[in-house]
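**Q** This is the content of data03.cif (mmCIF, C-alpha atoms):
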```
data_data
loop_
_atom_site.group_PDB
_atom_site.id
_atom_site.type_symbol
_atom_site.label_atom_id
_atom_site.label_comp_id
_atom_site.auth_asym_id
_atom_site.auth_seq_id
_atom_site.Cartn_x
_atom_site.Cartn_y
_atom_site.Cartn_z
ATOM 1 C CA MET A 6 113.224 110.277 92.527
ATOM 2 C CA ALA A 7 112.045 106.756 93.443
ATOM 3 C CA LEU A 8 114.045 105.412 96.393
ATOM 4 C CA ARG A 9 114.828 101.959 97.778
ATOM 5 C CA MET A 10 116.280 100.878 101.122
ATOM 6 C CA ILE A 11 118.633 97.890 100.973
ATOM 7 C CA GLU A 12 119.088 95.951 104.222
ATOM 8 C CA LEU A 13 122.080 93.622 104.356
ATOM 9 C CA ILE A 14 122.923 91.186 107.166
ATOM 10 C CA LEU A 15 126.627 90.318 107.404
ATOM 11 C CA PRO A 16 129.232 89.137 109.913
ATOM 12 C CA ARG A 17 130.619 92.163 111.737
ATOM 13 C CA ASP A 18 134.085 92.147 110.179
ATOM 14 C CA HIS A 19 132.680 91.974 106.644
ATOM 15 C CA ALA A 20 130.272 94.814 107.373
ATOM 16 C CA GLU A 21 133.058 97.097 108.580
ATOM 17 C CA ARG A 22 135.183 96.436 105.490
ATOM 18 C CA LEU A 23 132.142 96.999 103.280
ATOM 19 C CA LYS A 24 131.598 100.527 104.596
ATOM 20 C CA GLU A 25 135.225 101.410 103.942
ATOM 21 C CA SER A 26 135.232 100.015 100.392
ATOM 22 C CA PHE A 27 132.006 101.784 99.403
ATOM 23 C CA ASP A 28 133.558 105.188 99.943
ATOM 24 C CA ALA A 29 135.772 104.604 96.881
ATOM 25 C CA THR A 30 133.042 103.356 94.507
ATOM 26 C CA ASP A 31 130.893 105.232 92.009
ATOM 27 C CA PHE A 32 127.641 103.605 93.139
ATOM 28 C CA GLU A 33 124.760 106.015 93.577
ATOM 29 C CA VAL A 34 124.509 105.474 97.337
ATOM 30 C CA LEU A 35 122.601 108.224 99.099
ATOM 31 C CA GLY A 36 123.351 106.998 102.597
ATOM 32 C CA MET A 37 124.755 104.048 104.546
ATOM 33 C CA TRP A 38 124.187 103.075 108.183
ATOM 34 C CA THR A 39 125.132 100.078 110.313
ATOM 35 C CA GLU A 40 123.533 98.515 113.374
ATOM 36 C CA ASP A 41 124.877 95.798 115.671
ATOM 37 C CA LEU A 42 122.915 92.534 115.856
ATOM 38 C CA ASP A 43 123.225 89.359 117.905
ATOM 39 C CA ASP A 44 125.694 86.554 117.092
ATOM 40 C CA ASP A 45 128.446 88.948 116.013
ATOM 41 C CA LYS A 46 126.503 90.238 113.019
ATOM 42 C CA LYS A 47 125.659 93.658 111.662
ATOM 43 C CA LEU A 48 122.774 95.139 109.764
ATOM 44 C CA VAL A 49 123.853 97.444 106.942
ATOM 45 C CA ARG A 50 121.271 99.821 105.520
ATOM 46 C CA VAL A 51 121.895 101.448 102.145
ATOM 47 C CA LEU A 52 119.644 104.134 100.690
ATOM 48 C CA ALA A 53 119.760 104.359 96.889
ATOM 49 C CA SER A 54 117.633 105.409 93.966
ATOM 50 C CA ALA A 55 115.533 102.711 92.319
ATOM 51 C CA GLY A 56 117.798 102.849 89.264
ATOM 52 C CA GLY A 57 120.937 102.601 91.368
ATOM 53 C CA THR A 58 120.054 99.463 93.329
ATOM 54 C CA GLU A 59 120.945 96.914 90.658
ATOM 55 C CA ALA A 60 124.662 97.743 90.689
ATOM 56 C CA VAL A 61 124.700 97.635 94.499
ATOM 57 C CA LEU A 62 122.825 94.326 94.701
ATOM 58 C CA ASP A 63 125.062 92.750 92.036
ATOM 59 C CA ASP A 64 128.125 93.849 94.025
ATOM 60 C CA PHE A 65 126.690 92.345 97.218
ATOM 61 C CA GLU A 66 125.875 89.097 95.427
ATOM 62 C CA LYS A 67 129.406 88.729 94.050
ATOM 63 C CA ARG A 68 131.103 89.557 97.346
ATOM 64 C CA PHE A 69 128.924 87.900 99.970
ATOM 65 C CA SER A 70 126.679 85.215 98.450
ATOM 66 C CA TRP A 71 129.028 82.497 99.685
ATOM 67 C CA LEU A 72 128.512 83.518 103.339
ATOM 68 C CA LYS A 73 126.231 81.286 105.403
ATOM 69 C CA ASP A 74 124.191 84.067 107.025
ATOM 70 C CA TYR A 75 124.098 86.395 104.031
ATOM 71 C CA ARG A 76 120.698 87.976 103.434
ATOM 72 C CA VAL A 77 119.566 91.039 101.455
ATOM 73 C CA VAL A 78 116.143 92.635 101.774
ATOM 74 C CA LEU A 79 114.944 95.346 99.392
ATOM 75 C CA LEU A 80 112.321 97.764 100.703
ATOM 76 C CA PRO A 81 110.524 100.657 99.000
ATOM 77 C CA ALA A 82 111.260 104.052 100.537
ATOM 78 C CA GLU A 83 108.205 106.236 100.001
ATOM 79 C CA ALA A 84 109.941 109.468 101.022
ATOM 80 C CA THR A 85 112.889 110.867 102.948
ATOM 81 C CA LEU A 86 113.586 114.194 104.692
ATOM 82 C CA PRO A 87 115.454 116.307 103.995
ATOM 83 C CA ARG A 88 114.620 115.909 100.337
ATOM 84 C CA ILE A 89 117.348 114.578 98.089
ATOM 85 C CA PRO A 90 118.181 117.011 95.253
ATOM 86 C CA GLU A 91 118.081 115.780 91.694
ATOM 87 C CA PRO A 92 121.576 115.140 90.242
ATOM 88 C CA LYS A 93 123.021 117.864 88.055
ATOM 89 C CA PRO A 94 124.183 117.140 84.482
ATOM 90 C CA GLU A 95 127.785 118.031 85.355
ATOM 91 C CA ASP A 96 127.921 115.550 88.259
ATOM 92 C CA LYS A 97 130.088 112.447 87.935
ATOM 93 C CA PRO A 98 128.200 109.612 86.175
ATOM 94 C CA LYS A 99 126.946 106.898 88.519
ATOM 95 C CA LYS A 100 126.113 103.246 87.998
ATOM 96 C CA VAL A 101 122.415 103.871 87.440
ATOM 97 C CA VAL A 102 119.919 102.286 85.046
ATOM 98 C CA GLY A 103 116.659 103.863 83.970
ATOM 99 C CA ARG A 104 114.507 101.127 85.487
ATOM 100 C CA ILE A 105 113.921 99.106 88.634
ATOM 101 C CA ASN A 106 116.510 96.449 89.433
ATOM 102 C CA ARG A 107 116.418 92.961 87.987
ATOM 103 C CA GLU A 108 115.474 91.153 91.218
ATOM 104 C CA GLU A 109 112.586 93.528 91.899
ATOM 105 C CA LEU A 110 111.349 93.038 88.349
ATOM 106 C CA TYR A 111 111.652 89.250 88.673
ATOM 107 C CA THR A 112 109.635 89.206 91.902
ATOM 108 C CA ASP A 113 106.901 91.413 90.430
ATOM 109 C CA VAL A 114 106.630 89.310 87.272
ATOM 110 C CA LEU A 115 106.654 86.010 89.183
ATOM 111 C CA GLU A 116 103.730 87.122 91.347
ATOM 112 C CA THR A 117 101.617 87.930 88.284
ATOM 113 C CA ALA A 118 102.545 84.646 86.571
ATOM 114 C CA LYS A 119 101.546 82.236 89.335
ATOM 115 C CA LEU A 120 98.574 79.951 88.782
ATOM 116 C CA SER A 121 96.340 80.669 91.770
ATOM 117 C CA ARG A 122 92.660 80.625 92.662
ATOM 118 C CA VAL A 123 92.484 84.367 92.186
ATOM 119 C CA PHE A 124 93.988 84.047 88.701
ATOM 120 C CA VAL A 125 91.459 81.362 87.720
ATOM 121 C CA VAL A 126 88.522 83.341 89.114
ATOM 122 C CA MET A 127 89.644 86.517 87.327
ATOM 123 C CA VAL A 128 89.954 84.643 84.025
ATOM 124 C CA ALA A 129 86.472 83.163 84.503
ATOM 125 C CA LEU A 130 84.928 86.527 85.380
ATOM 126 C CA SER A 131 86.596 88.364 82.514
ATOM 127 C CA THR A 132 85.471 85.614 80.128
ATOM 128 C CA VAL A 133 81.836 85.921 81.189
ATOM 129 C CA VAL A 134 81.911 89.717 80.946
ATOM 130 C CA ALA A 135 83.635 89.660 77.554
ATOM 131 C CA ALA A 136 81.240 87.032 76.156
ATOM 132 C CA VAL A 137 78.191 89.061 77.174
ATOM 133 C CA GLY A 138 79.700 92.234 75.742
ATOM 134 C CA LEU A 139 80.592 90.584 72.447
ATOM 135 C CA VAL A 140 77.138 89.059 71.965
ATOM 136 C CA ARG A 141 75.411 92.327 72.886
ATOM 137 C CA ASP A 142 77.789 94.202 70.590
ATOM 138 C CA SER A 143 78.758 96.495 73.489
ATOM 139 C CA SER A 144 82.283 97.869 73.387
ATOM 140 C CA VAL A 145 81.823 99.264 76.908
ATOM 141 C CA ILE A 146 81.191 95.808 78.389
ATOM 142 C CA VAL A 147 84.100 94.323 76.425
ATOM 143 C CA LEU A 148 86.337 97.081 77.744
ATOM 144 C CA SER A 149 85.251 96.195 81.288
ATOM 145 C CA ALA A 150 86.392 92.620 80.696
ATOM 146 C CA MET A 151 89.749 93.896 79.439
ATOM 147 C CA VAL A 152 90.322 95.766 82.703
ATOM 148 C CA ILE A 153 89.984 92.640 84.862
ATOM 149 C CA ALA A 154 91.651 90.186 82.478
ATOM 150 C CA PRO A 155 94.829 88.750 84.104
ATOM 151 C CA LEU A 156 96.515 87.521 80.907
ATOM 152 C CA LEU A 157 99.290 90.118 80.998
ATOM 153 C CA GLY A 158 101.349 88.481 83.738
ATOM 154 C CA PRO A 159 102.026 84.990 82.346
ATOM 155 C CA ASN A 160 102.892 86.197 78.856
ATOM 156 C CA ILE A 161 105.244 88.952 80.029
ATOM 157 C CA ALA A 162 106.767 86.343 82.367
ATOM 158 C CA LEU A 163 107.416 84.084 79.370
ATOM 159 C CA ALA A 164 109.326 86.913 77.730
ATOM 160 C CA LEU A 165 111.359 87.561 80.888
ATOM 161 C CA ALA A 166 112.084 83.842 81.267
ATOM 162 C CA ALA A 167 113.425 83.743 77.705
ATOM 163 C CA THR A 168 115.517 86.860 78.338
ATOM 164 C CA LEU A 169 117.075 85.461 81.523
ATOM 165 C CA GLY A 170 117.138 81.811 80.456
ATOM 166 C CA ASP A 171 115.112 80.963 83.572
ATOM 167 C CA ARG A 172 113.446 77.589 83.015
ATOM 168 C CA GLN A 173 111.558 77.588 86.306
ATOM 169 C CA LEU A 174 109.933 80.942 85.562
ATOM 170 C CA GLY A 175 109.203 79.740 82.037
ATOM 171 C CA ARG A 176 107.437 76.620 83.315
ATOM 172 C CA THR A 177 105.397 78.679 85.794
ATOM 173 C CA ALA A 178 104.397 81.128 83.078
ATOM 174 C CA MET A 179 103.555 78.393 80.569
ATOM 175 C CA ARG A 180 101.370 76.605 83.101
ATOM 176 C CA SER A 181 99.437 79.750 83.996
ATOM 177 C CA SER A 182 99.114 80.920 80.394
ATOM 178 C CA ALA A 183 97.902 77.526 79.193
ATOM 179 C CA ALA A 184 95.425 77.291 82.061
ATOM 180 C CA GLY A 185 94.120 80.805 81.433
ATOM 181 C CA PHE A 186 93.624 80.331 77.702
ATOM 182 C CA SER A 187 92.145 76.841 78.146
ATOM 183 C CA LEU A 188 89.634 78.037 80.729
ATOM 184 C CA ALA A 189 88.624 81.000 78.578
ATOM 185 C CA ILE A 190 88.197 78.819 75.480
ATOM 186 C CA VAL A 191 86.177 76.128 77.282
ATOM 187 C CA MET A 192 83.861 78.671 78.887
ATOM 188 C CA ALA A 193 83.432 80.486 75.574
ATOM 189 C CA VAL A 194 82.600 77.217 73.767
ATOM 190 C CA LEU A 195 79.957 76.414 76.394
ATOM 191 C CA TYR A 196 78.540 79.914 75.988
ATOM 192 C CA GLY A 197 78.353 79.371 72.225
ATOM 193 C CA LEU A 198 76.551 76.053 72.720
ATOM 194 C CA ILE A 199 73.962 77.534 75.073
ATOM 195 C CA PHE A 200 73.318 80.969 73.603
ATOM 196 C CA ARG A 201 72.844 82.217 70.080
ATOM 197 C CA VAL A 202 76.004 83.779 68.652
ATOM 198 C CA SER A 203 76.007 85.692 65.377
ATOM 199 C CA PRO A 204 79.345 86.049 63.545
ATOM 200 C CA ASN A 205 77.959 89.191 61.887
ATOM 201 C CA THR A 206 77.888 91.196 65.109
ATOM 202 C CA SER A 207 80.433 94.004 64.676
ATOM 203 C CA GLU A 208 82.324 93.280 67.915
ATOM 204 C CA ILE A 209 82.662 89.625 66.868
ATOM 205 C CA ALA A 210 83.197 90.103 63.134
ATOM 206 C CA SER A 211 86.014 92.598 63.704
ATOM 207 C CA ARG A 212 87.950 89.891 65.523
ATOM 208 C CA THR A 213 87.643 87.273 62.805
ATOM 209 C CA ARG A 214 89.606 89.322 60.283
ATOM 210 C CA VAL A 215 93.358 89.676 60.667
ATOM 211 C CA GLY A 216 95.245 92.687 59.376
ATOM 212 C CA PHE A 217 98.603 94.390 59.723
ATOM 213 C CA GLY A 218 97.072 96.816 62.212
ATOM 214 C CA ASP A 219 96.565 93.902 64.599
ATOM 215 C CA ILE A 220 100.266 93.060 64.386
ATOM 216 C CA ALA A 221 101.164 96.667 65.202
ATOM 217 C CA LEU A 222 98.735 96.655 68.137
ATOM 218 C CA ALA A 223 100.227 93.488 69.616
ATOM 219 C CA LEU A 224 103.800 94.726 69.193
ATOM 220 C CA ALA A 225 102.914 98.012 70.874
ATOM 221 C CA ALA A 226 101.107 96.234 73.712
ATOM 222 C CA GLY A 227 104.017 93.891 74.370
ATOM 223 C CA THR A 228 106.486 96.764 74.407
ATOM 224 C CA ALA A 229 104.286 98.863 76.683
ATOM 225 C CA GLY A 230 103.679 95.964 79.052
ATOM 226 C CA ALA A 231 107.399 95.272 79.437
ATOM 227 C CA LEU A 232 108.186 98.980 79.879
ATOM 228 C CA SER A 233 105.512 99.381 82.547
ATOM 229 C CA LEU A 234 107.071 96.596 84.581
ATOM 230 C CA THR A 235 110.686 97.703 84.212
ATOM 231 C CA THR A 236 109.888 101.285 85.186
ATOM 232 C CA GLY A 237 107.585 100.356 88.059
ATOM 233 C CA ALA A 238 104.667 102.241 86.481
ATOM 234 C CA SER A 239 101.050 101.301 86.993
ATOM 235 C CA GLY A 240 100.061 98.376 84.799
ATOM 236 C CA THR A 241 96.334 99.092 84.640
ATOM 237 C CA LEU A 242 96.365 100.843 81.268
ATOM 238 C CA ILE A 243 98.915 98.364 79.956
ATOM 239 C CA GLY A 244 96.703 95.513 81.100
ATOM 240 C CA VAL A 245 93.903 96.959 79.013
ATOM 241 C CA MET A 246 96.157 97.129 75.943
ATOM 242 C CA VAL A 247 97.245 93.523 76.367
ATOM 243 C CA ALA A 248 93.678 92.418 76.956
ATOM 244 C CA VAL A 249 92.705 94.122 73.696
ATOM 245 C CA ALA A 250 95.216 91.890 71.953
ATOM 246 C CA LEU A 251 94.435 88.598 73.721
ATOM 247 C CA LEU A 252 91.134 88.244 75.561
ATOM 248 C CA PRO A 253 88.454 89.276 73.023
ATOM 249 C CA PRO A 254 89.688 87.168 70.065
ATOM 250 C CA THR A 255 90.155 84.199 72.414
ATOM 251 C CA ILE A 256 86.552 84.446 73.571
ATOM 252 C CA VAL A 257 85.352 84.950 69.992
ATOM 253 C CA THR A 258 87.205 81.785 68.925
ATOM 254 C CA GLY A 259 85.504 79.694 71.593
ATOM 255 C CA MET A 260 82.013 81.102 71.037
ATOM 256 C CA LEU A 261 82.194 80.577 67.272
ATOM 257 C CA ILE A 262 83.367 77.005 67.755
ATOM 258 C CA GLY A 263 80.494 76.356 70.153
ATOM 259 C CA SER A 264 77.956 77.867 67.763
ATOM 260 C CA GLY A 265 79.259 75.926 64.762
ATOM 261 C CA HIS A 266 80.810 78.814 62.807
ATOM 262 C CA PHE A 267 84.131 77.065 62.269
ATOM 263 C CA GLY A 268 85.349 79.150 59.342
ATOM 264 C CA ALA A 269 85.062 82.397 61.271
ATOM 265 C CA ALA A 270 86.585 80.696 64.322
ATOM 266 C CA VAL A 271 89.747 79.977 62.319
ATOM 267 C CA GLY A 272 90.180 83.687 61.604
ATOM 268 C CA ALA A 273 89.792 84.545 65.306
ATOM 269 C CA ALA A 274 92.287 81.820 66.252
ATOM 270 C CA GLU A 275 94.809 83.266 63.787
ATOM 271 C CA LEU A 276 94.390 86.652 65.445
ATOM 272 C CA VAL A 277 95.064 85.122 68.876
ATOM 273 C CA ALA A 278 98.213 83.402 67.580
ATOM 274 C CA ILE A 279 99.555 86.550 65.900
ATOM 275 C CA ASN A 280 98.893 88.689 68.961
ATOM 276 C CA LEU A 281 100.485 86.206 71.340
ATOM 277 C CA VAL A 282 103.649 85.838 69.261
ATOM 278 C CA CYS A 283 103.976 89.604 68.767
ATOM 279 C CA LEU A 284 103.436 90.305 72.461
ATOM 280 C CA ILE A 285 106.180 87.952 73.589
ATOM 281 C CA LEU A 286 108.648 88.996 70.871
ATOM 282 C CA ALA A 287 108.151 92.693 71.607
ATOM 283 C CA ALA A 288 108.561 92.113 75.345
ATOM 284 C CA ILE A 289 111.799 90.147 74.846
ATOM 285 C CA VAL A 290 113.284 92.900 72.679
ATOM 286 C CA THR A 291 112.213 95.514 75.237
ATOM 287 C CA PHE A 292 113.824 93.629 78.117
ATOM 288 C CA LEU A 293 117.031 93.312 76.104
ATOM 289 C CA ALA A 294 116.989 97.015 75.279
ATOM 290 C CA GLN A 295 116.511 97.783 78.982
ATOM 291 C CA GLY A 296 119.658 95.812 79.823
ATOM 292 C CA ILE A 297 117.997 92.940 81.679
ATOM 293 C CA ARG A 298 120.766 90.355 82.074
ATOM 294 C CA PRO A 299 121.747 87.684 84.618
ATOM 295 C CA THR A 300 124.600 88.483 87.003
ATOM 296 C CA SER A 301 127.024 85.616 86.431
ATOM 297 C CA TRP A 302 128.753 84.939 83.123
ATOM 298 C CA TRP A 303 127.588 81.311 82.896
ATOM 299 C CA GLU A 304 123.973 82.361 83.449
ATOM 300 C CA ALA A 305 124.471 85.089 80.850
ATOM 301 C CA GLN A 306 125.650 82.524 78.297
ATOM 302 C CA SER A 307 122.655 80.292 78.985
ATOM 303 C CA ALA A 308 120.321 83.292 78.778
ATOM 304 C CA GLN A 309 121.860 84.361 75.476
ATOM 305 C CA LYS A 310 121.170 80.932 73.972
ATOM 306 C CA ALA A 311 117.610 80.869 75.314
ATOM 307 C CA THR A 312 116.928 84.364 74.013
ATOM 308 C CA ARG A 313 118.349 83.540 70.596
ATOM 309 C CA ARG A 314 116.201 80.401 70.322
ATOM 310 C CA ALA A 315 113.081 82.303 71.426
ATOM 311 C CA LEU A 316 113.662 85.125 68.943
ATOM 312 C CA ILE A 317 114.331 82.723 66.068
ATOM 313 C CA ALA A 318 111.291 80.571 66.853
ATOM 314 C CA GLY A 319 109.090 83.608 67.358
ATOM 315 C CA GLY A 320 110.391 85.249 64.189
ATOM 316 C CA ILE A 321 109.625 82.154 62.129
ATOM 317 C CA LEU A 322 106.119 81.895 63.578
ATOM 318 C CA LEU A 323 105.489 85.584 62.965
ATOM 319 C CA ALA A 324 106.722 85.281 59.388
ATOM 320 C CA LEU A 325 104.420 82.330 58.705
ATOM 321 C CA LEU A 326 101.457 84.092 60.283
ATOM 322 C CA THR A 327 102.229 87.267 58.323
ATOM 323 C CA ILE A 328 102.201 85.252 55.109
ATOM 324 C CA LEU A 329 98.716 84.021 56.050
ATOM 325 C CA VAL A 330 97.628 87.622 56.568
ATOM 326 C CA ILE A 331 99.012 88.630 53.154
ATOM 327 C CA LEU A 332 97.237 85.712 51.480
ATOM 328 C CA GLN A 333 93.949 86.593 53.132
ATOM 329 C CA VAL A 334 94.245 90.283 52.311
ATOM 330 C CA ALA A 335 95.120 89.474 48.706
#
```
Step by step, read the file and then write its structure as C-alpha cells.
**A**
Amino acid sequence: MALRMIELILPRDHAERLKESFDATDFEVLGMWTEDLDDDKKLVRVLASAGGTEAVLDDFEKRFSWLKDYRVVLLPAEATLPRIPEPKPEDKPKKVVGRINREELYTDVLETAKLSRVFVVMVALSTVVAAVGLVRDSSVIVLSAMVIAPLLGPNIALALAATLGDRQLGRTAMRSSAAGFSLAIVMAVLYGLIFRVSPNTSEIASRTRVGFGDIALALAAGTAGALSLTTGASGTLIGVMVAVALLPPTIVTGMLIGSGHFGAAVGAAELVAINLVCLILAAIVTFLAQGIRPTSWWEAQSAQKATRRALIAGGILLALLTILVILQVA
C-alpha cells in the first residue's frame, strides 16, 4: 500500500476542532497527530494511503483555504512500522480512488512540461541519436533515442490542461511541445542537408506510410502514458511507447525535407499529426475515466467546457486524418 503523509498548519483552535470532526468521517485516515507551533498554531499530520489523500486534501481546501496561514504539504511515506494490513472486502467503503491525488499528479506533470535547458538538451541529444539510427537503419540506435526523448511530458500535460481547464498549464505545455518539435525538425533538416538520406531505408520508409496500426499505437501510448502518471508508476517504458509514436516520424520528416524528398516527407508529417492527436485524445479520455476533476463547481464547469472543445476539435482532426489514411490505403 503506497502511503502519503499530509502536514497541515492551522491556528490552534481550528486544529483541535479538525481532530474531533475527523473521527466521524469515512476518510481513509490511518493516523492523525498534532504538534504545537509558535504564534498559536498547530501542525497536524495525517497518514493516509495514496488513493485516500485526494478526499482529505479536498476537505482541507474547502474548510481552510480562506485562512491566512493555511498551508498543506504532501510527503511520500516510504514505509511505516508496524505494517498496515490491507483492507478486507467486508470493511466499510472509504473515500479512496485508485490513483494518486490530483495535486500530486498536477505537480508531476507540470515538472515534465516545463521548457528548461535540460529539456532542450535532451531533445537535441535524442534527435541526433535517432537521426543516426534511422540513416544507419539500426532499430537498436533508434530505440536508444526513444528512451531519452522527453516528448511525453508536454503532450500529456496538454491533455491534463484540457481535462482541468487549466490555461496556464496549457500554455506551458504548448510552449514546451512547440519548442521540442521545432528543435527536432530544424536539427533533422540540417542533418538531411549535410548527410545523404535515402527514403528507401527500412527504418525511414516504414515511417512515411500511415496505417490504422499507427492510430492504434498512438491511442495505446496515450492511454498508457496517462495511466502511468495517475498511478505513480515508472514512466520509462511509457516514455519509450510515446517516443515510438512521436520522435522517429518527426526526425524522418525533417531529414526528408532537408534531402529534398518532399513527397515522402508529407507521409511522415501525416504520421506525426495522427500520432499527436491520438495521444492527446487518449490521455484526455483516460484522465476523465480516472475521475480527474477540479475541486470547485465553477472550475468544474470551465473544465467541462474546455474538455468538450478539446474532444470535439481532436475528434474532427482525427476523422480528417483517418480519411486521408483510407484514401492512401485505397
**Q** Which is closer to Thr258 in chain A than all the others in A:Ala226, A:Leu195, A:Leu286, A:Leu325, using only C-alpha atoms?
**A**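 Ranked by minimum distance to Thr258 in chain A, first place goes to A:Leu195.
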**Q** If I put a ball of radius 7 Å at (129.7, 87.0, 115.2) in the file's coordinates, which residues poke into it when counting all atoms listed in the file, written as a count of residues only?
**A** 5
**Q** Within 12 Å of Ile317 in chain A, counting only C-alpha atoms, which residues qualify if same-chain residues fewer than 6 places away don't, as a compact mmCIF listing (two decimals) with C-alpha atoms, in the frame of the given file?
**A**
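Heads up, here's the output in part_0.txt:
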```txt
# COMPACT_ATOMS: atom_id res chain seq x y z
CA ALA A 167 113.42 83.74 77.70
CA VAL A 282 103.65 85.84 69.26
CA LEU A 286 108.65 89.00 70.87
CA ILE A 289 111.80 90.15 74.85
CA LYS A 310 121.17 80.93 73.97
CA ALA A 311 117.61 80.87 75.31
CA LEU A 323 105.49 85.58 62.96
CA ALA A 324 106.72 85.28 59.39
```
**Q** Between A:Asn160, A:Asn280, A:Ser187, A:Thr58, single out the one closest to Val215 in chain A, counting all atoms listed in the file.
**A** A:Asn280
**Q** Taking all atoms listed in the file into account, name the residue in A:Gly185, A:Pro90, A:Gly36, A:Gly268 that is nearest to Phe124 in chain A.
**A**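 Closest to Phe124 in chain A of all the choices is A:Gly185.
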**Q** Selected by the PyMOL selection byres ((chain A and resi 279) around 9) in the shown coordinates: which residues, as number ranges by chain?
**A** A: 215, 219-220, 223, 274-278, 280-284, 322-323, 326-327
**Q** Could you pull the residues within 12 Å of Arg176 in chain A, counting all atoms listed in the file, minus those fewer than 2 positions along the same chain, as a PyMOL selection string?
**A** chain A and resi 115+118-120+159-160+162-167+170-174+178-183
**Q** Take CA of Ala82 in chain A and CA of Val51 in chain A and report the distance between them in Å, one decimal.
**A**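 If I compute the distance from CA of Ala82 in chain A to CA of Val51 in chain A, I get 11.1 Å.
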**Q** Work out how far apart CA of Ile190 in chain A and CA of Asp142 in chain A are and give it in Å to one decimal.
**A** 19.2 Å
**Q** Might you spell out which residues the PyMOL selection byres ((chain A and resi 88) around 12) would select in the displayed file, as a VMD selection string?
**A** chain A and resid 6 to 8 35 83 to 87 89 to 91
**Q** Starting from the shown file, work through the PyMOL selection byres ((chain A and resi 59) around 12) and note down what comes out as JSON, numbers by chain.
**A** {"A": [9, 11, 32, 33, 34, 53, 54, 55, 56, 57, 58, 60, 61, 62, 63, 64, 65, 66, 79, 99, 100, 101, 102, 103, 104, 105, 106, 107, 108, 109, 110, 296, 297, 298, 299, 300]}
**Q** Can you tell me how far CA of Val145 in chain A sits from CA of Thr228 in chain A, in Å to one decimal?
**A** 24.9 Å
**Q** Got a sec: who's within 12 Å of Tyr75 in chain A, counting all atoms listed in the file, leaving out chain neighbours fewer than 4 positions off, as a PyMOL selection string?
**A** chain A and resi 12-17+19-20+46-49+65-71
**Q** Find, counting all atoms listed in the file, the residue in A:Leu148, A:Ala193, A:Ile321, A:Ala288 that gets nearest to Ala229 in chain A.
**A**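 Smallest separation from Ala229 in chain A among the options: A:Ala288.
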**Q** Counting all atoms listed in the file, select every polymer residue within 9 Å of (85.8, 86.6, 73.4) as defined in the file's coordinates, and provide the selection as a PyMOL selection string.
**A** chain A and resi 132-133+135-139+147+189-190+193+209+212+251-260
**Q** Between A:Leu169, A:Leu224, A:Leu130, A:Val202, which is the closest to Ser301 in chain A once you count only C-alpha atoms?
**A**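 That would be A:Leu169, the residue with the smallest distance to Ser301 in chain A.
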**Q** Return the single residue from A:Gln306, A:Ser264, A:Ser131, A:Ser121 that is closest to Ile146 in chain A, with distances computed using all atoms listed in the file.
**A** A:Ser131
